[in-house]
Amino acid sequence: MGSEDSEQLLEEARFKHLSETTLISYKNDQLDEVALALADAHLKLCLICERRLCFLKKEAEALDSYEPSESDRVAVEKLIRKHETKA
Amino acid sequence: MSSKNKKKSECTWQTDLELFRRYKDGDCEALRILLESHYGLIKFWARQLLLWADHEEILEEGRIGLYKAIKSFRISDNIDFHTHARNFVRKAIYNSAEVRRVKRTLYDNYGTVLSAQDKLMRDLNRKPTIEEISDETKLSVRQVNNALNVIAAFPSPLNEANGQFALEDPYQTQLIRDALNQLSSPDAQLIVHHHLYGYTDREIGAALGRSNFAIKMARTRAEVKLKAIISGQGTLNDGKRG
């Protein structure tokens, strides 16, 4: 790699969409300093990854407060009967 | 540079593995608990499509997706079950007949909005607004907003079909990490704050109580070192950090 490429490397990295693994690690505060800086730099630029992160945060909130309802339990029982008896 | 490791769901991850092992050993109660404890995933992701799809049909597809996730999960794949289940549920919902009906329009808008967003992000060097994407694509603000939500909620299946989603390259990230780790901490901080966080020399100087000129000089020296490291000519005499 030529020496003139180092700033371009940093510049380009900012424009790449974040993987789901990175977004989940970002949400869970598990990125190291460089990965966090790259993620922050991209999230400052990208509407899509910002929304993806928002969905993952909302999912975590929804699951934290989730209690299976009676109809959820019935649906799970039906699913087990349907598939496990086939197997 | 240290990892913070504040994993919130460690217990759940371990509980899932334990339940999965019990299910593999023939414990049907473990299967019921696994399905029930992840049923909220189906409800959450199905809700994202409520505007234009029949809820019950989508829930049914989601249930099948969750069941398939359990059937296909392998501990040796080194992925947590929750992530695996999320991928299967979203894919099942996305591939449901309800969603298929609007897929042609979705694909067209998806490609157009994604390209426009990526182009504007580069051209403007900032986050584009929905109105700017609407101008660029000639789609209404509502269409852009819907497309953005679908892209954000279902990136994997859309990308499998379209392939336009340019994801980060883990090797590139590692290259940057390795190079920055060979700089001294102040040099690495200057590079990160200027090139990644986008702070000006003046802003960095103000935060550190140093002049704009001093920061510019220090940053230029750090950039020369970084270039040398990346081009393979760098030495490690700058104080290698762990």
# chains A, B, ... in the order shown; residues from 1 in each chain; ligands from 1

$ residues_around --residues "segment 64-75 of chain A" --least-positions-apart "6" --cutoff "8 Å" --atoms "only C-alpha atoms" --output "PyMOL selection string"
chain B and resi 36-37+39-40

$ closest_atom_pairs --of "segment 41-112 of chain B" --to "segment 135-157 of chain B" --cutoff "8 Å" --atoms "only C-alpha atoms" --output "Markdown table"
| residue | atom | partner | partner_atom | distance |
| --- | --- | --- | --- | --- |
| B:Trp45 | CA | B:Ala153 | CA | 7.8 |
| B:Gln48 | CA | B:Ala153 | CA | 7.5 |
| B:Asn87 | CA | B:Ser156 | CA | 7.9 |
| B:Arg90 | CA | B:Phe154 | CA | 6.5 |
| B:Lys91 | CA | B:Pro157 | CA | 5.9 |
| B:Tyr94 | CA | B:Pro157 | CA | 7.2 |
| B:Leu106 | CA | B:Ala147 | CA | 7.0 |
| B:Asn109 | CA | B:Ala147 | CA | 6.2 |
| B:Tyr110 | CA | B:Ala147 | CA | 5.6 |
| B:Thr112 | CA | B:Thr137 | CA | 6.5 |

$ interface_residues --of "chain A" --to "chain B" --cutoff "7 Å" --atoms "only C-alpha atoms" --output "ChimeraX atom specification"
/A:1-4,6,10,13,16-19,28-34,37-38,41,44-49,51-52,55,59,62-63,66,68,73,76

$ write_last_selection --atoms "C-alpha atoms" --output "mmCIF file, in the first residue's frame"
data_model
loop_
_atom_site.group_PDB
_atom_site.id
_atom_site.type_symbol
_atom_site.label_atom_id
_atom_site.label_comp_id
_atom_site.auth_asym_id
_atom_site.auth_seq_id
_atom_site.Cartn_x
_atom_site.Cartn_y
_atom_site.Cartn_z
ATOM 1 C CA MET A 1 0.000 0.000 0.000
ATOM 2 C CA GLY A 2 1.420 3.389 -0.981
ATOM 3 C CA SER A 3 2.061 5.959 1.722
ATOM 4 C CA GLU A 4 -0.452 8.354 0.147
ATOM 5 C CA SER A 6 -3.323 6.078 4.631
ATOM 6 C CA LEU A 10 -9.381 6.297 6.994
ATOM 7 C CA ALA A 13 -13.610 3.381 6.200
ATOM 8 C CA LYS A 16 -18.674 1.657 4.783
ATOM 9 C CA HIS A 17 -21.940 0.472 6.336
ATOM 10 C CA LEU A 18 -21.587 -1.200 9.716
ATOM 11 C CA SER A 19 -22.079 -4.940 10.048
ATOM 12 C CA ASN A 28 -23.722 -3.187 24.118
ATOM 13 C CA ASP A 29 -20.722 -0.875 24.644
ATOM 14 C CA GLN A 30 -18.276 -3.610 23.620
ATOM 15 C CA LEU A 31 -16.198 -1.963 20.878
ATOM 16 C CA ASP A 32 -12.555 -1.079 21.365
ATOM 17 C CA GLU A 33 -11.480 2.526 20.886
ATOM 18 C CA VAL A 34 -10.637 2.282 17.175
ATOM 19 C CA ALA A 37 -14.330 5.726 16.522
ATOM 20 C CA LEU A 38 -14.958 4.119 13.112
ATOM 21 C CA ALA A 41 -17.683 8.316 12.325
ATOM 22 C CA LYS A 44 -22.523 10.568 11.981
ATOM 23 C CA LEU A 45 -22.859 10.188 8.198
ATOM 24 C CA CYS A 46 -25.377 7.436 7.594
ATOM 25 C CA LEU A 47 -29.157 7.580 8.022
ATOM 26 C CA ILE A 48 -29.515 3.861 7.325
ATOM 27 C CA CYS A 49 -27.074 2.595 9.950
ATOM 28 C CA ARG A 51 -31.917 3.564 11.880
ATOM 29 C CA ARG A 52 -30.523 0.022 12.038
ATOM 30 C CA PHE A 55 -34.177 -0.825 15.546
ATOM 31 C CA GLU A 59 -35.771 -4.540 19.947
ATOM 32 C CA ALA A 62 -39.210 -4.488 23.619
ATOM 33 C CA LEU A 63 -37.682 -7.793 24.713
ATOM 34 C CA TYR A 66 -41.788 -8.743 26.956
ATOM 35 C CA PRO A 68 -45.515 -14.003 26.741
ATOM 36 C CA ARG A 73 -48.151 -19.569 24.746
ATOM 37 C CA VAL A 76 -45.913 -21.870 20.808
#

$ closest_residue --among "B:Arg100, B:Lys71, B:His82, B:Arg210" --to "His83 of chain A" --atoms "only C-alpha atoms"
B:Lys71

$ decode --residues "segment 5-62 of chain A" --atoms "C-alpha atoms" --output "mmCIF file, in the first residue's frame"
data_model
loop_
_atom_site.group_PDB
_atom_site.id
_atom_site.type_symbol
_atom_site.label_atom_id
_atom_site.label_comp_id
_atom_site.auth_asym_id
_atom_site.auth_seq_id
_atom_site.Cartn_x
_atom_site.Cartn_y
_atom_site.Cartn_z
ATOM 1 C CA ASP A 5 -3.191 5.802 0.852
ATOM 2 C CA SER A 6 -3.323 6.078 4.631
ATOM 3 C CA GLU A 7 -5.638 9.084 4.792
ATOM 4 C CA GLN A 8 -7.740 7.596 2.004
ATOM 5 C CA LEU A 9 -7.967 4.380 4.019
ATOM 6 C CA LEU A 10 -9.381 6.297 6.994
ATOM 7 C CA GLU A 11 -11.644 8.345 4.723
ATOM 8 C CA GLU A 12 -13.043 5.273 2.950
ATOM 9 C CA ALA A 13 -13.610 3.381 6.200
ATOM 10 C CA ARG A 14 -16.026 6.106 7.312
ATOM 11 C CA PHE A 15 -18.331 5.422 4.386
ATOM 12 C CA LYS A 16 -18.674 1.657 4.783
ATOM 13 C CA HIS A 17 -21.940 0.472 6.336
ATOM 14 C CA LEU A 18 -21.587 -1.200 9.716
ATOM 15 C CA SER A 19 -22.079 -4.940 10.048
ATOM 16 C CA GLU A 20 -24.819 -6.136 12.370
ATOM 17 C CA THR A 21 -22.148 -7.587 14.671
ATOM 18 C CA THR A 22 -20.552 -4.140 14.976
ATOM 19 C CA LEU A 23 -23.917 -2.480 15.601
ATOM 20 C CA ILE A 24 -24.777 -4.978 18.340
ATOM 21 C CA SER A 25 -21.346 -4.519 19.936
ATOM 22 C CA TYR A 26 -21.806 -0.741 19.674
ATOM 23 C CA LYS A 27 -25.207 -0.994 21.381
ATOM 24 C CA ASN A 28 -23.722 -3.187 24.118
ATOM 25 C CA ASP A 29 -20.722 -0.875 24.644
ATOM 26 C CA GLN A 30 -18.276 -3.610 23.620
ATOM 27 C CA LEU A 31 -16.198 -1.963 20.878
ATOM 28 C CA ASP A 32 -12.555 -1.079 21.365
ATOM 29 C CA GLU A 33 -11.480 2.526 20.886
ATOM 30 C CA VAL A 34 -10.637 2.282 17.175
ATOM 31 C CA ALA A 35 -13.754 0.298 16.249
ATOM 32 C CA LEU A 36 -15.852 2.730 18.306
ATOM 33 C CA ALA A 37 -14.330 5.726 16.522
ATOM 34 C CA LEU A 38 -14.958 4.119 13.112
ATOM 35 C CA ALA A 39 -18.539 3.274 14.086
ATOM 36 C CA ASP A 40 -19.180 6.774 15.448
ATOM 37 C CA ALA A 41 -17.683 8.316 12.325
ATOM 38 C CA HIS A 42 -20.002 6.270 10.104
ATOM 39 C CA LEU A 43 -23.082 6.813 12.273
ATOM 40 C CA LYS A 44 -22.523 10.568 11.981
ATOM 41 C CA LEU A 45 -22.859 10.188 8.198
ATOM 42 C CA CYS A 46 -25.377 7.436 7.594
ATOM 43 C CA LEU A 47 -29.157 7.580 8.022
ATOM 44 C CA ILE A 48 -29.515 3.861 7.325
ATOM 45 C CA CYS A 49 -27.074 2.595 9.950
ATOM 46 C CA GLU A 50 -28.473 5.110 12.430
ATOM 47 C CA ARG A 51 -31.917 3.564 11.880
ATOM 48 C CA ARG A 52 -30.523 0.022 12.038
ATOM 49 C CA LEU A 53 -29.022 0.844 15.423
ATOM 50 C CA CYS A 54 -32.314 2.388 16.487
ATOM 51 C CA PHE A 55 -34.177 -0.825 15.546
ATOM 52 C CA LEU A 56 -31.736 -2.930 17.570
ATOM 53 C CA LYS A 57 -32.121 -0.635 20.582
ATOM 54 C CA LYS A 58 -35.912 -0.746 20.271
ATOM 55 C CA GLU A 59 -35.771 -4.540 19.947
ATOM 56 C CA ALA A 60 -33.769 -4.778 23.179
ATOM 57 C CA GLU A 61 -36.264 -2.506 24.960
ATOM 58 C CA ALA A 62 -39.210 -4.488 23.619
#
